[in-house]
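Scroll down for the structure; my scribbles are underneath it.
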Amino acid sequence: MTILVTGATGNVGRRVVEQLVKRGADVRALVRDPAKANFPAGVQIAQGDLLDIDSLRGAFSGVSTLFLLNAVTSDEFTQALVALNIAREAGIERIVYLSVIHSDVYVNVPHFAGKFAVERMIEQMGLHATILRPAYFMNNDLTIRDVVRGYGVYPMPIGSKGLAMIDARDIGEIAAIDLIRREQSSTPLPLTRINLVGPDTLNGADAAAVWSEVLGRPIGYGGDNTAGFETNLRQLMPSWMAFDMRLMSERFQTDGMVPDDGDVARLTALLGRPLRSYRDFVAESATVA
């Protein structure tokens, strides 16, 4: 039986593929560009796109379990609905969907609202799925590493409520464990939701303090200027996406990403080890060129 991974060349998808192979699963990866498919030996490659119905039907043929990951795009919601309908058509009854924590709270943030709508579809269609809801990815902070090192400022406007930052490596491993659990079950398992969080809930000042400790010099928090954040992001991405990120950062400041009671203990037991900390992440990445 085959597990299909979408978004397989991305930050999380690649780690899901690696963890599945490590556990002896038969894996098929859906990719747009096979040239980027640098996977472990034995991984099947299916070239296609989540809006290309014919390629999806081919990729889903013979698949028993689906890992559905959609990148943040203007048509992310449509991609997910198409993929889930094709999965149902193909008779796939074991699904793990990567959503986002507090998708039902950040209701004005486009990519959160889209993921929550997908969650509702999964529920209303009676699909057998695990909905993984990760908090802020620590790995996002690789994009601001040079700013921190060069200017002595942690620039992400994450506010004072706190984010339970999680390492993408932990997300990939947890996803693989749950995919195997569903794959090996004699009958399709019921719908469940799992918050994916890190061991610490950090605000902007906390994150800056971690960088200060690791680098051995003062790093300040850049403050809560979300308009400036949007302006900077527009140099790197489309204006709609930069605005989406601004709206998200505003909800960071008003609501945070705080785990529920028991989330950390549940994930620690699932992994059989402690979750990776933000300090460990910074220590690994701070001095990399």
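Within each chain, counting starts at residue 1; across the structure tokens, chains are named A, B, ... in the order shown, with ligands numbered 1 upward in that order.
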
Quiz item: If you count only C-alpha atoms, which residues fall within 12 Å of Thr143 in chain A, apart from same-chain ones fewer than 5 positions away, as a list in words?
Solution: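 Everything that qualifies: Phe137, Met138, Val148, Arg149, Tyr154, Pro155, Met156, Leu233, Leu236, Ser285 and Ala286 of chain A.
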
Quiz item: Separation of CA of Arg246 in chain A and CA of Leu142 in chain A, in Å?
Solution: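 It comes out at 18.3 Å.
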
Practice problem: List every residue of range 9-75 of chain A that DSSP, applied to the backbone of this structure, assigns to alpha helix (DSSP H), and report them as JSON, numbers by chain. | Solution: {"A": [13, 14, 15, 16, 17, 18, 19, 20, 21, 22, 53, 54, 55, 56, 57, 58, 59, 60]}

Exercise. Write out as a PyMOL selection string all residues of range 37-136 of chain A that DSSP puts in strand (DSSP E) for this structure's backbone.
Key: chain A and resi 44-47+63-68+94-98+129-134

With C-alpha atoms retained, write the just-selected residues as a PDB file, in the first residue's frame.
ATOM      1  CA  GLN A  44       8.067   7.005  -6.433  1.00  0.00           C
ATOM      2  CA  ILE A  45       7.761  10.332  -8.267  1.00  0.00           C
ATOM      3  CA  ALA A  46       4.407  11.503  -9.606  1.00  0.00           C
ATOM      4  CA  GLN A  47       4.628  14.680 -11.647  1.00  0.00           C
ATOM      5  CA  VAL A  63      -2.824   5.116  -3.035  1.00  0.00           C
ATOM      6  CA  SER A  64      -4.099   4.025   0.368  1.00  0.00           C
ATOM      7  CA  THR A  65      -3.182   7.061   2.498  1.00  0.00           C
ATOM      8  CA  LEU A  66      -2.831  10.769   1.636  1.00  0.00           C
ATOM      9  CA  PHE A  67      -0.783  13.526   3.230  1.00  0.00           C
ATOM     10  CA  LEU A  68      -2.293  16.779   1.986  1.00  0.00           C
ATOM     11  CA  ARG A  94      -6.934   7.569   5.264  1.00  0.00           C
ATOM     12  CA  ILE A  95      -5.932  11.247   5.186  1.00  0.00           C
ATOM     13  CA  VAL A  96      -3.657  13.570   7.146  1.00  0.00           C
ATOM     14  CA  TYR A  97      -4.234  17.261   6.394  1.00  0.00           C
ATOM     15  CA  LEU A  98      -1.820  20.024   7.418  1.00  0.00           C
ATOM     16  CA  ALA A 129      -8.646  12.254   8.642  1.00  0.00           C
ATOM     17  CA  THR A 130      -6.186  13.649  11.112  1.00  0.00           C
ATOM     18  CA  ILE A 131      -6.090  17.450  11.005  1.00  0.00           C
ATOM     19  CA  LEU A 132      -2.674  18.644  12.124  1.00  0.00           C
ATOM     20  CA  ARG A 133      -2.697  22.240  13.382  1.00  0.00           C
ATOM     21  CA  PRO A 134       0.872  23.556  13.666  1.00  0.00           C
TER      22      PRO A 134
END

Quiz item: Can you tell me how far CA of Pro110 in chain A sits from CA of Gly256 in chain A, in Å to one decimal?
Solution: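 Computing the Euclidean distance for CA of Pro110 in chain A and CA of Gly256 in chain A yields 17.0 Å.
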
Self-check item: Surrounding residues of Gly159 in chain A excluding itself and chain neighbours under 2 positions, 8 Å, only C-alpha atoms, as an MDAnalysis selection string
Solution: chainID A and resid 157 161:162 203:204 223:224 252:254 256
